[in-house]
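Participant: Sharing coords.cif (mmCIF, C-alpha atoms; chains and numbers go by the auth columns) below.
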```cif
data_coords
#
loop_
_atom_site.group_PDB
_atom_site.id
_atom_site.type_symbol
_atom_site.label_atom_id
_atom_site.label_comp_id
_atom_site.label_asym_id
_atom_site.label_seq_id
_atom_site.Cartn_x
_atom_site.Cartn_y
_atom_site.Cartn_z
_atom_site.B_iso_or_equiv
_atom_site.auth_seq_id
_atom_site.auth_asym_id
ATOM 1 C CA MET A 1 0.000 0.000 0.000 0.00 100 A
ATOM 2 C CA ASN A 2 2.928 2.326 0.616 0.00 101 A
ATOM 3 C CA SER A 3 4.081 1.880 -2.975 0.00 102 A
ATOM 4 C CA LEU A 4 0.664 3.018 -4.263 0.00 103 A
ATOM 5 C CA TYR A 5 0.732 6.035 -1.965 0.00 104 A
ATOM 6 C CA ASN A 6 4.239 7.039 -3.078 0.00 105 A
ATOM 7 C CA ASN A 7 3.266 6.621 -6.739 0.00 106 A
ATOM 8 C CA ALA A 8 0.161 8.803 -6.333 0.00 107 A
ATOM 9 C CA LEU A 9 2.216 11.394 -4.443 0.00 108 A
ATOM 10 C CA LYS A 10 4.786 11.575 -7.276 0.00 109 A
ATOM 11 C CA GLN A 11 2.014 11.955 -9.845 0.00 110 A
ATOM 12 C CA SER A 12 0.427 14.746 -7.801 0.00 111 A
ATOM 13 C CA HIS A 13 3.724 16.661 -7.589 0.00 112 A
ATOM 14 C CA ALA A 14 4.334 16.225 -11.331 0.00 113 A
ATOM 15 C CA ILE A 15 0.872 17.598 -12.189 0.00 114 A
ATOM 16 C CA LYS A 16 1.386 20.549 -9.868 0.00 115 A
ATOM 17 C CA ARG A 17 4.718 21.353 -11.545 0.00 116 A
ATOM 18 C CA ASP A 18 3.378 21.053 -15.104 0.00 117 A
ATOM 19 C CA LEU A 19 0.250 23.032 -14.244 0.00 118 A
ATOM 20 C CA ALA A 20 2.377 25.872 -12.857 0.00 119 A
ATOM 21 C CA LEU A 21 4.317 26.010 -16.151 0.00 120 A
ATOM 22 C CA PHE A 22 1.103 26.133 -18.166 0.00 121 A
ATOM 23 C CA GLU A 23 -0.643 28.741 -15.992 0.00 122 A
ATOM 24 C CA SER A 24 2.421 31.018 -15.926 0.00 123 A
ATOM 25 C CA GLY A 25 2.694 30.927 -19.726 0.00 124 A
ATOM 26 C CA GLU A 26 6.197 29.452 -19.747 0.00 125 A
ATOM 27 C CA ASP A 27 4.945 26.473 -21.739 0.00 126 A
ATOM 28 C CA LYS A 28 1.661 26.644 -23.682 0.00 127 A
ATOM 29 C CA SER A 29 2.351 23.753 -26.041 0.00 128 A
ATOM 30 C CA ASN A 30 -0.215 21.114 -26.897 0.00 129 A
ATOM 31 C CA ALA A 31 2.300 18.514 -25.750 0.00 130 A
ATOM 32 C CA LEU A 32 2.233 19.871 -22.193 0.00 131 A
ATOM 33 C CA GLN A 33 -1.573 19.995 -22.221 0.00 132 A
ATOM 34 C CA GLY A 34 -1.701 16.381 -23.365 0.00 133 A
ATOM 35 C CA GLN A 35 0.783 15.390 -20.661 0.00 134 A
ATOM 36 C CA ILE A 36 -1.301 17.106 -17.961 0.00 135 A
ATOM 37 C CA SER A 37 -4.474 15.368 -19.185 0.00 136 A
ATOM 38 C CA ALA A 38 -2.741 11.971 -19.181 0.00 137 A
ATOM 39 C CA SER A 39 -1.256 12.612 -15.720 0.00 138 A
ATOM 40 C CA LEU A 40 -4.685 13.544 -14.316 0.00 139 A
ATOM 41 C CA SER A 41 -6.160 10.293 -15.647 0.00 140 A
ATOM 42 C CA ALA A 42 -3.272 8.273 -14.189 0.00 141 A
ATOM 43 C CA LEU A 43 -3.607 10.020 -10.800 0.00 142 A
ATOM 44 C CA ASN A 44 -7.339 9.286 -10.704 0.00 143 A
ATOM 45 C CA ARG A 45 -6.651 5.575 -11.311 0.00 144 A
ATOM 46 C CA SER A 46 -3.960 5.534 -8.626 0.00 145 A
ATOM 47 C CA ILE A 47 -6.341 7.137 -6.114 0.00 146 A
ATOM 48 C CA ASP A 48 -9.011 4.527 -6.890 0.00 147 A
ATOM 49 C CA ASP A 49 -6.499 1.680 -6.441 0.00 148 A
ATOM 50 C CA TYR A 50 -5.174 3.125 -3.175 0.00 149 A
ATOM 51 C CA GLU A 51 -8.700 3.640 -1.836 0.00 150 A
ATOM 52 C CA SER A 52 -9.675 0.074 -2.751 0.00 151 A
ATOM 53 C CA LEU A 53 -6.602 -1.317 -0.982 0.00 152 A
ATOM 54 C CA SER A 54 -7.089 0.898 2.084 0.00 153 A
ATOM 55 C CA LYS A 55 -10.542 -0.600 2.666 0.00 154 A
ATOM 56 C CA LYS A 56 -8.880 -4.016 3.114 0.00 155 A
ATOM 57 C CA GLU A 57 -6.491 -2.764 5.821 0.00 156 A
ATOM 58 C CA LEU A 58 -7.117 -4.638 9.085 0.00 157 A
ATOM 59 C CA ILE A 59 -5.300 -2.246 11.450 0.00 158 A
ATOM 60 C CA PRO A 60 -7.710 0.614 12.357 0.00 159 A
ATOM 61 C CA ASN A 61 -5.025 3.312 12.674 0.00 160 A
ATOM 62 C CA LYS A 62 -3.503 2.504 9.293 0.00 161 A
ATOM 63 C CA ARG A 63 -6.931 2.313 7.674 0.00 162 A
ATOM 64 C CA GLN A 64 -7.880 5.733 9.074 0.00 163 A
ATOM 65 C CA GLN A 65 -4.590 7.226 7.893 0.00 164 A
ATOM 66 C CA ALA A 66 -5.153 5.792 4.418 0.00 165 A
ATOM 67 C CA GLU A 67 -8.697 7.209 4.289 0.00 166 A
ATOM 68 C CA GLU A 68 -7.376 10.669 5.190 0.00 167 A
ATOM 69 C CA ARG A 69 -4.759 10.407 2.454 0.00 168 A
ATOM 70 C CA VAL A 70 -7.402 9.391 -0.080 0.00 169 A
ATOM 71 C CA ALA A 71 -9.538 12.406 0.876 0.00 170 A
ATOM 72 C CA LYS A 72 -6.517 14.709 0.437 0.00 171 A
ATOM 73 C CA PHE A 73 -5.725 13.188 -2.959 0.00 172 A
ATOM 74 C CA ARG A 74 -9.346 13.634 -4.051 0.00 173 A
ATOM 75 C CA GLU A 75 -9.289 17.289 -3.026 0.00 174 A
ATOM 76 C CA ASP A 76 -5.996 17.925 -4.837 0.00 175 A
ATOM 77 C CA PHE A 77 -7.260 16.133 -7.949 0.00 176 A
ATOM 78 C CA LYS A 78 -10.390 18.326 -8.116 0.00 177 A
ATOM 79 C CA HIS A 79 -8.258 21.444 -7.670 0.00 178 A
ATOM 80 C CA TYR A 80 -5.814 20.422 -10.390 0.00 179 A
ATOM 81 C CA LYS A 81 -8.577 19.534 -12.824 0.00 180 A
ATOM 82 C CA SER A 82 -10.486 22.768 -12.204 0.00 181 A
ATOM 83 C CA SER A 83 -7.340 24.891 -12.528 0.00 182 A
ATOM 84 C CA PHE A 84 -6.382 23.116 -15.753 0.00 183 A
ATOM 85 C CA GLU A 85 -9.818 23.685 -17.310 0.00 184 A
ATOM 86 C CA ILE A 86 -9.764 27.380 -16.367 0.00 185 A
ATOM 87 C CA ALA A 87 -6.244 27.831 -17.759 0.00 186 A
ATOM 88 C CA LYS A 88 -7.229 26.072 -20.995 0.00 187 A
ATOM 89 C CA ARG A 89 -10.278 28.310 -21.443 0.00 188 A
ATOM 90 C CA LYS A 90 -8.165 31.421 -20.882 0.00 189 A
ATOM 91 C CA GLU A 91 -5.631 30.240 -23.444 0.00 190 A
ATOM 92 C CA GLU A 92 -8.369 29.382 -25.941 0.00 191 A
ATOM 93 C CA ASN A 93 -9.999 32.795 -25.486 0.00 192 A
ATOM 94 C CA LYS A 94 -6.664 34.525 -25.950 0.00 193 A
ATOM 95 C CA THR A 95 -5.940 32.524 -29.093 0.00 194 A
ATOM 96 C CA GLU A 96 -9.402 33.272 -30.469 0.00 195 A
ATOM 97 C CA GLN A 97 -8.988 37.012 -29.815 0.00 196 A
ATOM 98 C CA GLN A 98 -5.609 37.024 -31.543 0.00 197 A
ATOM 99 C CA PHE A 99 -7.096 35.139 -34.473 0.00 198 A
ATOM 100 C CA ASN A 100 -9.981 37.617 -34.758 0.00 199 A
ATOM 101 C CA ARG A 101 -7.611 40.601 -34.681 0.00 200 A
ATOM 102 C CA GLN A 102 -5.457 38.955 -37.314 0.00 201 A
ATOM 103 C CA GLU A 103 -8.502 38.241 -39.463 0.00 202 A
ATOM 104 C CA LEU A 104 -9.647 41.836 -39.129 0.00 203 A
ATOM 105 C CA PHE A 105 -6.213 43.122 -40.090 0.00 204 A
ATOM 106 C CA ASN A 106 -5.957 40.705 -42.995 0.00 205 A
ATOM 107 C CA GLY A 107 -9.425 41.698 -44.221 0.00 206 A
ATOM 108 C CA PHE A 108 -8.536 45.377 -44.196 0.00 207 A
ATOM 109 C CA ASP A 109 -5.217 44.797 -45.909 0.00 208 A
ATOM 110 C CA GLN A 110 -6.792 42.451 -48.454 0.00 209 A
ATOM 111 C CA SER A 111 -9.517 44.902 -49.418 0.00 210 A
ATOM 112 C CA THR A 112 -6.932 47.624 -50.015 0.00 211 A
ATOM 113 C CA TYR A 113 -4.787 45.321 -52.096 0.00 212 A
ATOM 114 C CA ASN A 114 -7.692 43.987 -54.151 0.00 213 A
ATOM 115 C CA THR A 115 -8.564 47.466 -55.458 0.00 214 A
ATOM 116 C CA ALA A 116 -5.277 47.459 -57.355 0.00 215 A
ATOM 117 C CA SER A 117 -4.470 43.792 -57.949 0.00 216 A
ATOM 118 C CA GLY A 118 -7.823 41.998 -58.312 0.00 217 A
ATOM 119 C CA THR A 119 -8.656 38.725 -56.599 0.00 218 A
ATOM 120 C CA THR A 120 -5.379 36.812 -57.190 0.00 219 A
ATOM 121 C CA SER A 121 -4.225 37.250 -53.602 0.00 220 A
ATOM 122 C CA ILE A 122 -7.486 35.757 -52.234 0.00 221 A
ATOM 123 C CA SER A 123 -6.752 32.310 -53.583 0.00 222 A
ATOM 124 C CA LEU A 124 -3.168 32.518 -52.319 0.00 223 A
ATOM 125 C CA GLU A 125 -4.366 33.444 -48.820 0.00 224 A
ATOM 126 C CA GLN A 126 -6.932 30.642 -48.845 0.00 225 A
ATOM 127 C CA HIS A 127 -4.253 28.157 -49.855 0.00 226 A
ATOM 128 C CA THR A 128 -1.975 29.417 -47.069 0.00 227 A
ATOM 129 C CA HIS A 129 -4.815 29.206 -44.556 0.00 228 A
ATOM 130 C CA ARG A 130 -5.641 25.624 -45.551 0.00 229 A
ATOM 131 C CA GLU A 131 -1.987 24.654 -45.270 0.00 230 A
ATOM 132 C CA HIS A 132 -1.800 26.250 -41.831 0.00 231 A
ATOM 133 C CA ASP A 133 -4.914 24.353 -40.683 0.00 232 A
ATOM 134 C CA PHE A 134 -3.453 21.091 -41.970 0.00 233 A
ATOM 135 C CA LEU A 135 -0.201 21.637 -40.077 0.00 234 A
ATOM 136 C CA ASN A 136 -2.103 22.470 -36.865 0.00 235 A
ATOM 137 C CA SER A 137 -4.255 19.349 -37.218 0.00 236 A
ATOM 138 C CA THR A 138 -1.181 17.185 -37.788 0.00 237 A
ATOM 139 C CA GLU A 139 0.550 18.672 -34.744 0.00 238 A
ATOM 140 C CA GLN A 140 -2.490 18.025 -32.552 0.00 239 A
ATOM 141 C CA ARG A 141 -2.642 14.393 -33.667 0.00 240 A
ATOM 142 C CA ILE A 142 1.031 13.933 -32.856 0.00 241 A
ATOM 143 C CA ASP A 143 0.500 15.492 -29.417 0.00 242 A
ATOM 144 C CA GLU A 144 -2.430 13.130 -28.820 0.00 243 A
ATOM 145 C CA PHE A 145 -0.273 10.107 -29.720 0.00 244 A
ATOM 146 C CA ILE A 146 2.469 11.322 -27.372 0.00 245 A
ATOM 147 C CA ALA A 147 -0.050 11.832 -24.542 0.00 246 A
ATOM 148 C CA GLN A 148 -1.474 8.337 -25.067 0.00 247 A
ATOM 149 C CA GLY A 149 2.023 6.857 -24.996 0.00 248 A
ATOM 150 C CA GLN A 150 2.849 8.677 -21.760 0.00 249 A
ATOM 151 C CA ALA A 151 -0.404 7.473 -20.183 0.00 250 A
ATOM 152 C CA ALA A 152 0.367 3.887 -21.203 0.00 251 A
ATOM 153 C CA LEU A 153 3.900 4.160 -19.773 0.00 252 A
ATOM 154 C CA GLN A 154 2.628 5.512 -16.447 0.00 253 A
ATOM 155 C CA ASN A 155 0.068 2.717 -16.319 0.00 254 A
ATOM 156 C CA LEU A 156 2.816 0.112 -16.831 0.00 255 A
ATOM 157 C CA VAL A 157 4.924 1.714 -14.080 0.00 256 A
ATOM 158 C CA HIS A 158 1.915 1.649 -11.770 0.00 257 A
ATOM 159 C CA GLN A 159 1.225 -2.033 -12.540 0.00 258 A
ATOM 160 C CA ARG A 160 4.886 -2.875 -11.936 0.00 259 A
ATOM 161 C CA GLY A 161 4.740 -1.271 -8.479 0.00 260 A
ATOM 162 C CA THR A 162 1.544 -3.190 -7.682 0.00 261 A
ATOM 163 C CA LEU A 163 3.107 -6.505 -8.725 0.00 262 A
ATOM 164 C CA LYS A 164 6.218 -5.831 -6.640 0.00 263 A
ATOM 165 C CA GLY A 165 4.036 -5.146 -3.594 0.00 264 A
ATOM 166 C CA ALA A 166 2.061 -8.350 -4.146 0.00 265 A
ATOM 167 C CA HIS A 167 5.282 -10.358 -4.539 0.00 266 A
ATOM 168 C CA LYS A 168 6.617 -8.966 -1.260 0.00 267 A
ATOM 169 C CA LYS A 169 3.395 -9.864 0.548 0.00 268 A
ATOM 170 C CA ILE A 170 3.561 -13.405 -0.803 0.00 269 A
ATOM 171 C CA LEU A 171 7.129 -13.780 0.488 0.00 270 A
ATOM 172 C CA ASP A 172 6.155 -12.370 3.888 0.00 271 A
ATOM 173 C CA THR A 173 3.219 -14.769 4.086 0.00 272 A
ATOM 174 C CA ALA A 174 5.451 -17.707 3.172 0.00 273 A
ATOM 175 C CA ASN A 175 7.961 -16.742 5.858 0.00 274 A
ATOM 176 C CA THR A 176 5.176 -16.387 8.414 0.00 275 A
ATOM 177 C CA LEU A 177 3.791 -19.825 7.560 0.00 276 A
ATOM 178 C CA GLY A 178 7.254 -21.339 7.859 0.00 277 A
ATOM 179 C CA LEU A 179 7.661 -19.827 11.324 0.00 278 A
ATOM 180 C CA SER A 180 4.224 -21.098 12.339 0.00 279 A
ATOM 181 C CA ARG A 181 5.059 -24.675 11.330 0.00 280 A
ATOM 182 C CA THR A 182 8.263 -24.521 13.395 0.00 281 A
ATOM 183 C CA VAL A 183 6.361 -23.294 16.459 0.00 282 A
ATOM 184 C CA ILE A 184 3.714 -26.024 16.073 0.00 283 A
ATOM 185 C CA GLN A 185 6.368 -28.743 15.820 0.00 284 A
ATOM 186 C CA TYR A 186 8.103 -27.400 18.925 0.00 285 A
ATOM 187 C CA ILE A 187 4.803 -27.383 20.853 0.00 286 A
ATOM 188 C CA GLU A 188 4.076 -30.975 19.816 0.00 287 A
ATOM 189 C CA ARG A 189 7.510 -32.142 20.960 0.00 288 A
ATOM 190 C CA ARG A 190 7.140 -30.305 24.263 0.00 289 A
ATOM 191 C CA THR A 191 3.675 -31.805 24.820 0.00 290 A
ATOM 192 C CA THR A 192 5.028 -35.316 24.272 0.00 291 A
ATOM 193 C CA GLN A 193 7.888 -34.691 26.701 0.00 292 A
ATOM 194 C CA ASP A 194 5.499 -33.333 29.338 0.00 293 A
ATOM 195 C CA LYS A 195 3.265 -36.395 28.937 0.00 294 A
ATOM 196 C CA TRP A 196 6.160 -38.829 29.602 0.00 295 A
ATOM 197 C CA ILE A 197 7.325 -36.746 32.548 0.00 296 A
ATOM 198 C CA PHE A 198 3.809 -36.933 34.006 0.00 297 A
ATOM 199 C CA TYR A 199 3.664 -40.732 33.581 0.00 298 A
ATOM 200 C CA ALA A 200 7.102 -41.081 35.156 0.00 299 A
ATOM 201 C CA GLY A 201 6.042 -38.915 38.094 0.00 300 A
ATOM 202 C CA VAL A 202 2.905 -41.002 38.642 0.00 301 A
ATOM 203 C CA ILE A 203 4.875 -44.269 38.638 0.00 302 A
ATOM 204 C CA ILE A 204 7.512 -42.881 41.023 0.00 303 A
ATOM 205 C CA SER A 205 4.788 -41.602 43.367 0.00 304 A
ATOM 206 C CA ILE A 206 3.082 -45.033 43.410 0.00 305 A
ATOM 207 C CA LEU A 207 6.382 -46.770 44.147 0.00 306 A
ATOM 208 C CA LEU A 208 7.169 -44.360 47.003 0.00 307 A
ATOM 209 C CA MET A 209 3.754 -44.843 48.568 0.00 308 A
ATOM 210 C CA TRP A 210 4.105 -48.647 48.261 0.00 309 A
ATOM 211 C CA ALA A 211 7.547 -48.506 49.849 0.00 310 A
ATOM 212 C CA ILE A 212 6.270 -46.372 52.734 0.00 311 A
ATOM 213 C CA VAL A 213 3.346 -48.668 53.396 0.00 312 A
ATOM 214 C CA HIS A 214 5.423 -51.857 53.047 0.00 313 A
ATOM 215 C CA TYR A 215 8.390 -50.897 55.264 0.00 314 A
ATOM 216 C CA LEU A 216 6.623 -48.794 57.904 0.00 315 A
ATOM 217 C CA THR A 217 3.716 -51.104 58.647 0.00 316 A
#
```
The structure in this file should be written as structure tokens.
Facilitator:
Amino acid sequence: MNSLYNNALKQSHAIKRDLALFESGEDKSNALQGQISASLSALNRSIDDYESLSKKELIPNKRQQAEERVAKFREDFKHYKSSFEIAKRKEENKTEQQFNRQELFNGFDQSTYNTASGTTSISLEQHTHREHDFLNSTEQRIDEFIAQGQAALQNLVHQRGTLKGAHKKILDTANTLGLSRTVIQYIERRTTQDKWIFYAGVIISILLMWAIVHYLT
């Protein structure tokens, strides 16, 4: 269970760091946005796994501590997700405003140019615009593939940590069972010894009483 907690804690710190870069404007790339989305999904899965395992904890203090950690993770996850959505909307609004200003400027410049040169530049601008849209679409697809790959890698890392924890528990259980068998064997030997000592004591007591009665009467 500690491995799941440490994994979720690392994911939470990574999201906080990447979100700070995005909100501050240091990195506005689609790649970072895809990484944050993938990290949020991975953190949500880790929280679910940790919560499921905490419910099986038999020690009350540890179970209560795990429940408090789950609640903290849930709160942080909601905060990260809300902050990311707000930052994305701000960035989208800013991009849309810049695009509208550029369109307005281009329209004014195009109308002035068309009075002297005709409509030749319109087709050239349309071709440039289509090429720009194609490049943006291709870049977004690449970012999506990268984000999916990162999510798959984090999932594999998470599964590896879970398997290591299960393997350790199996070894601990095997060691505990081995110790239990040794204790049982020792108790059986001691019980047998005590039984023979009891029989010997009974026989000696009978002989002493017979001797007392025989020689003193």
Participant: From the set A:His178, A:Arg173, A:Arg288, A:Lys268, which residue has the shortest atom-to-atom contact distance to Arg144 in chain A, counting all atoms listed in the file?
Facilitator: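 When distances to Arg144 in chain A are compared using all atoms listed in the file, the smallest one comes from A:Arg173.
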Participant: I'd like the contact shell of Ala186 in chain A - 10 Å cut-off, all atoms listed in the file, skipping same-chain residues fewer than 6 positions apart - returned as a compact mmCIF listing (two decimals) with C-alpha atoms, in the frame of the given file.
Facilitator:
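around_28.txt, written as the output of this step:
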```
# COMPACT_ATOMS: atom_id res chain seq x y z
CA LEU A 118 0.25 23.03 -14.24
CA PHE A 121 1.10 26.13 -18.17
CA GLU A 122 -0.64 28.74 -15.99
CA SER A 123 2.42 31.02 -15.93
CA GLY A 124 2.69 30.93 -19.73
CA LYS A 127 1.66 26.64 -23.68
CA LYS A 180 -8.58 19.53 -12.82
CA ASN A 192 -10.00 32.80 -25.49
```
Participant: Pick from A:Ile311, A:Ile114, A:Ala299, A:Ile146: nearest to Arg168 in chain A, with only C-alpha atoms counted?
Facilitator: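 The answer is A:Ile146, which sits nearest to Arg168 in chain A.
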Participant: Could you tell me how far CA of Ser138 in chain A sits from CA of His112 in chain A, in Å to one decimal place?
Facilitator: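 So the two atoms, CA of His112 in chain A and CA of Ser138 in chain A, lie 10.4 Å apart.
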Participant: From the set A:Thr281, A:Asn101, A:Ser136, A:Thr194, which residue has the shortest atom-to-atom contact distance to Lys161 in chain A, counting all atoms listed in the file?
Facilitator: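 Nearest to Lys161 in chain A: A:Asn101.
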Participant: Applied to this file, what does the PyMOL selection byres ((chain A and resi 105-107) around 8) return in terms of residues, put as a PyMOL selection string?
Facilitator: chain A and resi 101-104+108-111+142+145-146+257
Participant: One decimal, in Å: what's the spacing between CA of Asn129 in chain A and CA of Phe183 in chain A?
Facilitator: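 CA of Phe183 in chain A lies 12.9 Å from CA of Asn129 in chain A.
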